[in-house]
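> Quick one: this structure, given as structure tokens, is what I'll be asking you about.
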Amino acid sequence: QWVFARHGMAMPREVRDQYAVGREVDRDDVLPGDLVFFETVSRGASHVGIALGGGEFVHAPSSRGVVRVGRYDGAYWASRWVGARRVSGYEVGGATN
């Protein structure tokens, strides 16, 4: 949400609502900037990160502000994969971006 706000795009606060934004992207077609979603603390999309490319994504695994880079194609995250969304060029928060 913070990153998108820095670029003038309003993004829903809740991960499950973010999962409804933009268009679906296959795991093999993920590009840097795409949102990648995982099932962690509850059923469905409950954790989100931003793809960096090469199977990596940046995310905050806790609310303590620690930001990490992980691999969405690694065993832990791949087993929790829900999907990916591309939001550029789509209406987000009432404005077309």
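Convention: chains lettered A, B, ... in structure tokens order; per-chain residue numbering from 1; ligands numbered from 1 as shown.
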Near Gly33 (chain A), counting only C-alpha atoms, which residues have an atom at most 8 Å away, once you skip same-chain residues fewer than 3 positions from it, shown as a PyMOL selection string?

chain A and resi 50-52+86

> Region 35-49 of chain A: which residues within 10 Å, counting only C-alpha atoms, same-chain residues fewer than 2 positions away excluded, as a ChimeraX atom specification?

/A:1,14-22,24-25,27,30-33,51-52,56-62,67-70,72,77-87

> Write out, as a compact mmCIF listing (two decimals), in the first residue's frame, the residues just selected, with N, CA and C atoms.


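File result.txt, as written:
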# COMPACT_ATOMS: atom_id res chain seq x y z
N GLN A 1 0.83 -1.18 0.00
CA GLN A 1 0.00 0.00 0.00
C GLN A 1 0.88 1.25 0.00
N GLU A 14 -6.52 -4.00 2.92
CA GLU A 14 -6.56 -5.43 3.19
C GLU A 14 -6.02 -6.24 2.01
N VAL A 15 -5.22 -7.25 2.31
CA VAL A 15 -4.62 -8.09 1.27
C VAL A 15 -5.69 -8.74 0.41
N ARG A 16 -6.74 -9.26 1.02
CA ARG A 16 -7.80 -9.92 0.24
C ARG A 16 -8.44 -8.96 -0.75
N ASP A 17 -8.53 -7.67 -0.40
CA ASP A 17 -9.08 -6.67 -1.32
C ASP A 17 -8.06 -6.31 -2.41
N GLN A 18 -6.79 -6.29 -2.07
CA GLN A 18 -5.75 -6.04 -3.07
C GLN A 18 -5.74 -7.14 -4.13
N TYR A 19 -6.09 -8.36 -3.71
CA TYR A 19 -6.10 -9.50 -4.64
C TYR A 19 -7.17 -9.35 -5.72
N ALA A 20 -8.11 -8.46 -5.53
CA ALA A 20 -9.16 -8.23 -6.52
C ALA A 20 -8.80 -7.11 -7.51
N VAL A 21 -7.67 -6.44 -7.30
CA VAL A 21 -7.26 -5.31 -8.13
C VAL A 21 -6.42 -5.79 -9.31
N GLY A 22 -6.58 -5.16 -10.45
CA GLY A 22 -5.76 -5.47 -11.62
C GLY A 22 -6.19 -6.75 -12.30
N GLU A 24 -5.11 -10.92 -13.37
CA GLU A 24 -4.36 -12.10 -12.96
C GLU A 24 -3.17 -12.32 -13.90
N VAL A 25 -2.07 -12.78 -13.32
CA VAL A 25 -0.85 -13.07 -14.06
C VAL A 25 -0.40 -14.47 -13.68
N ARG A 27 2.17 -17.45 -12.84
CA ARG A 27 3.44 -17.41 -12.11
C ARG A 27 4.63 -17.31 -13.07
N VAL A 30 5.20 -13.48 -14.27
CA VAL A 30 5.33 -12.39 -13.30
C VAL A 30 6.49 -11.48 -13.71
N LEU A 31 6.21 -10.17 -13.66
CA LEU A 31 7.21 -9.15 -13.97
C LEU A 31 7.48 -8.29 -12.74
N PRO A 32 8.64 -7.60 -12.69
CA PRO A 32 8.89 -6.69 -11.58
C PRO A 32 7.74 -5.69 -11.44
N GLY A 33 7.29 -5.50 -10.21
CA GLY A 33 6.18 -4.60 -9.92
C GLY A 33 4.85 -5.31 -9.74
N ALA A 51 6.88 -8.23 -6.71
CA ALA A 51 7.88 -8.99 -7.46
C ALA A 51 9.04 -8.08 -7.88
N LEU A 52 10.24 -8.62 -7.78
CA LEU A 52 11.45 -7.91 -8.17
C LEU A 52 12.03 -8.44 -9.48
N GLU A 56 12.28 -13.40 -7.28
CA GLU A 56 12.38 -12.71 -5.99
C GLU A 56 11.24 -11.72 -5.80
N PHE A 57 10.90 -11.48 -4.53
CA PHE A 57 9.91 -10.46 -4.18
C PHE A 57 10.29 -9.81 -2.87
N VAL A 58 9.83 -8.58 -2.69
CA VAL A 58 10.07 -7.84 -1.46
C VAL A 58 8.77 -7.83 -0.67
N HIS A 59 8.88 -8.02 0.64
CA HIS A 59 7.69 -8.09 1.48
C HIS A 59 8.07 -7.79 2.92
N ALA A 60 7.05 -7.50 3.72
CA ALA A 60 7.23 -7.27 5.15
C ALA A 60 6.56 -8.43 5.87
N PRO A 61 7.33 -9.42 6.34
CA PRO A 61 6.73 -10.61 6.94
C PRO A 61 6.07 -10.37 8.30
N SER A 62 6.26 -9.18 8.87
CA SER A 62 5.58 -8.87 10.13
C SER A 62 5.23 -7.40 10.14
N VAL A 67 11.59 -5.29 6.36
CA VAL A 67 11.33 -5.61 4.96
C VAL A 67 12.40 -6.59 4.50
N ARG A 68 11.95 -7.63 3.80
CA ARG A 68 12.87 -8.68 3.35
C ARG A 68 12.66 -8.99 1.89
N VAL A 69 13.68 -9.60 1.31
CA VAL A 69 13.58 -10.14 -0.05
C VAL A 69 13.52 -11.66 0.10
N GLY A 70 12.56 -12.26 -0.58
CA GLY A 70 12.41 -13.71 -0.56
C GLY A 70 12.28 -14.24 -1.97
N TYR A 72 9.76 -16.36 -4.32
CA TYR A 72 8.43 -16.94 -4.39
C TYR A 72 8.43 -18.30 -5.05
N TRP A 77 7.51 -20.39 0.11
CA TRP A 77 6.52 -19.51 -0.52
C TRP A 77 5.78 -20.20 -1.66
N ALA A 78 6.43 -21.05 -2.40
CA ALA A 78 5.75 -21.74 -3.52
C ALA A 78 4.59 -22.58 -3.01
N SER A 79 4.74 -23.18 -1.83
CA SER A 79 3.67 -24.02 -1.28
C SER A 79 2.50 -23.18 -0.76
N ARG A 80 2.69 -21.88 -0.62
CA ARG A 80 1.64 -20.98 -0.13
C ARG A 80 1.12 -20.03 -1.21
N TRP A 81 1.59 -20.20 -2.44
CA TRP A 81 1.23 -19.35 -3.57
C TRP A 81 -0.28 -19.33 -3.79
N VAL A 82 -0.84 -18.13 -3.94
CA VAL A 82 -2.25 -17.95 -4.28
C VAL A 82 -2.36 -17.43 -5.71
N GLY A 83 -1.52 -16.46 -6.07
CA GLY A 83 -1.57 -15.90 -7.41
C GLY A 83 -0.81 -14.60 -7.49
N ALA A 84 -0.84 -14.01 -8.68
CA ALA A 84 -0.18 -12.72 -8.91
C ALA A 84 -1.13 -11.82 -9.67
N ARG A 85 -0.99 -10.52 -9.46
CA ARG A 85 -1.84 -9.53 -10.11
C ARG A 85 -0.97 -8.40 -10.66
N ARG A 86 -1.35 -7.89 -11.81
CA ARG A 86 -0.68 -6.73 -12.41
C ARG A 86 -1.65 -5.56 -12.32
N VAL A 87 -1.22 -4.47 -11.69
CA VAL A 87 -2.12 -3.36 -11.45
C VAL A 87 -1.86 -2.14 -12.33

> List every residue of region 1-96 of chain A that DSSP, applied to the backbone of this structure, assigns to strand (DSSP E), and report them as a JSON list (two decimals) with N, CA and C atoms, in the first residue's frame.


[["chain", "number", "residue", "atom", "x", "y", "z"],
["A", 23, "ARG", "N", -5.23, -7.36, -13.00],
["A", 23, "ARG", "CA", -5.55, -8.59, -13.71],
["A", 23, "ARG", "C", -4.61, -9.71, -13.27],
["A", 24, "GLU", "N", -5.11, -10.92, -13.37],
["A", 24, "GLU", "CA", -4.36, -12.10, -12.96],
["A", 24, "GLU", "C", -3.17, -12.32, -13.90],
["A", 25, "VAL", "N", -2.07, -12.78, -13.32],
["A", 25, "VAL", "CA", -0.85, -13.07, -14.06],
["A", 25, "VAL", "C", -0.40, -14.47, -13.68],
["A", 35, "LEU", "N", 2.13, -7.73, -8.08],
["A", 35, "LEU", "CA", 1.86, -8.15, -6.71],
["A", 35, "LEU", "C", 1.78, -9.67, -6.68],
["A", 36, "VAL", "N", 2.43, -10.28, -5.70],
["A", 36, "VAL", "CA", 2.40, -11.73, -5.53],
["A", 36, "VAL", "C", 1.74, -12.03, -4.19],
["A", 37, "PHE", "N", 0.81, -12.99, -4.20],
["A", 37, "PHE", "CA", -0.04, -13.26, -3.04],
["A", 37, "PHE", "C", 0.15, -14.68, -2.54],
["A", 38, "PHE", "N", 0.06, -14.80, -1.21],
["A", 38, "PHE", "CA", 0.27, -16.08, -0.55],
["A", 38, "PHE", "C", -0.77, -16.29, 0.54],
["A", 47, "HIS", "N", -1.17, -12.62, 2.51],
["A", 47, "HIS", "CA", 0.15, -11.99, 2.54],
["A", 47, "HIS", "C", 0.48, -11.57, 1.11],
["A", 48, "VAL", "N", 1.09, -10.40, 0.97],
["A", 48, "VAL", "CA", 1.39, -9.87, -0.36],
["A", 48, "VAL", "C", 2.81, -9.31, -0.39],
["A", 49, "GLY", "N", 3.42, -9.39, -1.55],
["A", 49, "GLY", "CA", 4.71, -8.79, -1.78],
["A", 49, "GLY", "C", 4.75, -8.22, -3.19],
["A", 50, "ILE", "N", 5.84, -7.55, -3.52],
["A", 50, "ILE", "CA", 6.02, -6.97, -4.84],
["A", 50, "ILE", "C", 7.16, -7.70, -5.53],
["A", 51, "ALA", "N", 6.88, -8.23, -6.71],
["A", 51, "ALA", "CA", 7.88, -8.99, -7.46],
["A", 51, "ALA", "C", 9.04, -8.08, -7.88],
["A", 52, "LEU", "N", 10.24, -8.62, -7.78],
["A", 52, "LEU", "CA", 11.45, -7.91, -8.17],
["A", 52, "LEU", "C", 12.03, -8.44, -9.48],
["A", 53, "GLY", "N", 11.63, -9.64, -9.85],
["A", 53, "GLY", "CA", 12.19, -10.31, -11.03],
["A", 53, "GLY", "C", 13.05, -11.48, -10.59],
["A", 56, "GLU", "N", 12.28, -13.40, -7.28],
["A", 56, "GLU", "CA", 12.38, -12.71, -5.99],
["A", 56, "GLU", "C", 11.24, -11.72, -5.80],
["A", 57, "PHE", "N", 10.90, -11.48, -4.53],
["A", 57, "PHE", "CA", 9.91, -10.46, -4.18],
["A", 57, "PHE", "C", 10.29, -9.81, -2.87],
["A", 58, "VAL", "N", 9.83, -8.58, -2.69],
["A", 58, "VAL", "CA", 10.07, -7.84, -1.46],
["A", 58, "VAL", "C", 8.77, -7.83, -0.67],
["A", 59, "HIS", "N", 8.88, -8.02, 0.64],
["A", 59, "HIS", "CA", 7.69, -8.09, 1.48],
["A", 59, "HIS", "C", 8.07, -7.79, 2.92],
["A", 68, "ARG", "N", 11.95, -7.63, 3.80],
["A", 68, "ARG", "CA", 12.87, -8.68, 3.35],
["A", 68, "ARG", "C", 12.66, -8.99, 1.89],
["A", 69, "VAL", "N", 13.68, -9.60, 1.31],
["A", 69, "VAL", "CA", 13.58, -10.14, -0.05],
["A", 69, "VAL", "C", 13.52, -11.66, 0.10],
["A", 70, "GLY", "N", 12.56, -12.26, -0.58],
["A", 70, "GLY", "CA", 12.41, -13.71, -0.56],
["A", 70, "GLY", "C", 12.28, -14.24, -1.97],
["A", 71, "ARG", "N", 12.19, -15.55, -2.08],
["A", 71, "ARG", "CA", 12.00, -16.19, -3.38],
["A", 71, "ARG", "C", 10.62, -16.83, -3.41],
["A", 81, "TRP", "N", 1.59, -20.20, -2.44],
["A", 81, "TRP", "CA", 1.23, -19.35, -3.57],
["A", 81, "TRP", "C", -0.28, -19.33, -3.79],
["A", 82, "VAL", "N", -0.84, -18.13, -3.94],
["A", 82, "VAL", "CA", -2.25, -17.95, -4.28],
["A", 82, "VAL", "C", -2.36, -17.43, -5.71],
["A", 83, "GLY", "N", -1.52, -16.46, -6.07],
["A", 83, "GLY", "CA", -1.57, -15.90, -7.41],
["A", 83, "GLY", "C", -0.81, -14.60, -7.49],
["A", 84, "ALA", "N", -0.84, -14.01, -8.68],
["A", 84, "ALA", "CA", -0.18, -12.72, -8.91],
["A", 84, "ALA", "C", -1.13, -11.82, -9.67],
["A", 85, "ARG", "N", -0.99, -10.52, -9.46],
["A", 85, "ARG", "CA", -1.84, -9.53, -10.11],
["A", 85, "ARG", "C", -0.97, -8.40, -10.66],
["A", 86, "ARG", "N", -1.35, -7.89, -11.81],
["A", 86, "ARG", "CA", -0.68, -6.73, -12.41],
["A", 86, "ARG", "C", -1.65, -5.56, -12.32],
["A", 91, "GLU", "N", -7.77, 0.73, -13.08],
["A", 91, "GLU", "CA", -8.38, 1.66, -12.15],
["A", 91, "GLU", "C", -8.19, 1.17, -10.73],
["A", 92, "VAL", "N", -7.49, 1.95, -9.94],
["A", 92, "VAL", "CA", -7.23, 1.60, -8.56],
["A", 92, "VAL", "C", -7.62, 2.79, -7.71],
["A", 95, "ALA", "N", -9.00, 6.08, -9.58],
["A", 95, "ALA", "CA", -8.22, 6.81, -10.60],
["A", 95, "ALA", "C", -7.57, 5.81, -11.54],
["A", 96, "THR", "N", -7.56, 6.11, -12.82],
["A", 96, "THR", "CA", -6.91, 5.23, -13.78],
["A", 96, "THR", "C", -5.43, 5.52, -13.78]]

> I need the residue nearest Ser88 (chain A) from this list: A:Gly55, A:Arg13, A:Asp34, A:Arg6. Use only C-alpha atoms for the distance.

A:Asp34

> Taking the DSSP secondary structure from the backbone, can you list the residues of chain A that are helix (DSSP H, G or I), as a list in words?

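Listing helix (DSSP H, G or I) positions across chain A yields Trp2, Val3, Phe4, Ala5, Arg6, Val15, Arg16, Asp17, Gln18, Arg27, Asp28, Asp29, Ala75, Tyr76, Trp77 and Ala78 of chain A.
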
> How about saving the chosen residues, N, CA and C atoms kept, as a PDB file, in the first residue's frame?


ATOM      1  N   TRP A   2       1.925   1.246   0.809  1.00  0.00           N
ATOM      2  CA  TRP A   2       2.825   2.391   0.925  1.00  0.00           C
ATOM      3  C   TRP A   2       3.526   2.661  -0.397  1.00  0.00           C
ATOM      4  N   VAL A   3       4.041   1.633  -1.049  1.00  0.00           N
ATOM      5  CA  VAL A   3       4.763   1.806  -2.314  1.00  0.00           C
ATOM      6  C   VAL A   3       3.840   2.384  -3.381  1.00  0.00           C
ATOM      7  N   PHE A   4       2.644   1.853  -3.503  1.00  0.00           N
ATOM      8  CA  PHE A   4       1.719   2.351  -4.512  1.00  0.00           C
ATOM      9  C   PHE A   4       1.306   3.789  -4.222  1.00  0.00           C
ATOM     10  N   ALA A   5       1.122   4.144  -2.956  1.00  0.00           N
ATOM     11  CA  ALA A   5       0.783   5.515  -2.598  1.00  0.00           C
ATOM     12  C   ALA A   5       1.885   6.480  -3.019  1.00  0.00           C
ATOM     13  N   ARG A   6       3.135   6.044  -2.920  1.00  0.00           N
ATOM     14  CA  ARG A   6       4.269   6.866  -3.340  1.00  0.00           C
ATOM     15  C   ARG A   6       4.243   7.160  -4.836  1.00  0.00           C
ATOM     16  N   VAL A  15      -5.218  -7.251   2.312  1.00  0.00           N
ATOM     17  CA  VAL A  15      -4.617  -8.089   1.274  1.00  0.00           C
ATOM     18  C   VAL A  15      -5.693  -8.740   0.409  1.00  0.00           C
ATOM     19  N   ARG A  16      -6.740  -9.257   1.022  1.00  0.00           N
ATOM     20  CA  ARG A  16      -7.796  -9.924   0.236  1.00  0.00           C
ATOM     21  C   ARG A  16      -8.442  -8.961  -0.748  1.00  0.00           C
ATOM     22  N   ASP A  17      -8.528  -7.672  -0.405  1.00  0.00           N
ATOM     23  CA  ASP A  17      -9.075  -6.668  -1.318  1.00  0.00           C
ATOM     24  C   ASP A  17      -8.059  -6.312  -2.409  1.00  0.00           C
ATOM     25  N   GLN A  18      -6.787  -6.290  -2.071  1.00  0.00           N
ATOM     26  CA  GLN A  18      -5.745  -6.041  -3.067  1.00  0.00           C
ATOM     27  C   GLN A  18      -5.742  -7.142  -4.128  1.00  0.00           C
ATOM     28  N   ARG A  27       2.173 -17.449 -12.836  1.00  0.00           N
ATOM     29  CA  ARG A  27       3.441 -17.413 -12.111  1.00  0.00           C
ATOM     30  C   ARG A  27       4.626 -17.306 -13.068  1.00  0.00           C
ATOM     31  N   ASP A  28       4.550 -17.955 -14.207  1.00  0.00           N
ATOM     32  CA  ASP A  28       5.648 -17.913 -15.179  1.00  0.00           C
ATOM     33  C   ASP A  28       5.755 -16.576 -15.902  1.00  0.00           C
ATOM     34  N   ASP A  29       4.738 -15.720 -15.779  1.00  0.00           N
ATOM     35  CA  ASP A  29       4.717 -14.431 -16.472  1.00  0.00           C
ATOM     36  C   ASP A  29       4.851 -13.236 -15.535  1.00  0.00           C
ATOM     37  N   ALA A  75      10.711 -23.288  -1.759  1.00  0.00           N
ATOM     38  CA  ALA A  75       9.783 -24.264  -1.176  1.00  0.00           C
ATOM     39  C   ALA A  75       8.735 -23.630  -0.256  1.00  0.00           C
ATOM     40  N   TYR A  76       9.146 -22.754   0.645  1.00  0.00           N
ATOM     41  CA  TYR A  76       8.210 -22.184   1.614  1.00  0.00           C
ATOM     42  C   TYR A  76       7.115 -21.378   0.915  1.00  0.00           C
ATOM     43  N   TRP A  77       7.506 -20.394   0.113  1.00  0.00           N
ATOM     44  CA  TRP A  77       6.525 -19.514  -0.516  1.00  0.00           C
ATOM     45  C   TRP A  77       5.777 -20.196  -1.657  1.00  0.00           C
ATOM     46  N   ALA A  78       6.430 -21.053  -2.403  1.00  0.00           N
ATOM     47  CA  ALA A  78       5.751 -21.742  -3.518  1.00  0.00           C
ATOM     48  C   ALA A  78       4.587 -22.581  -3.008  1.00  0.00           C
TER      49      ALA A  78
END
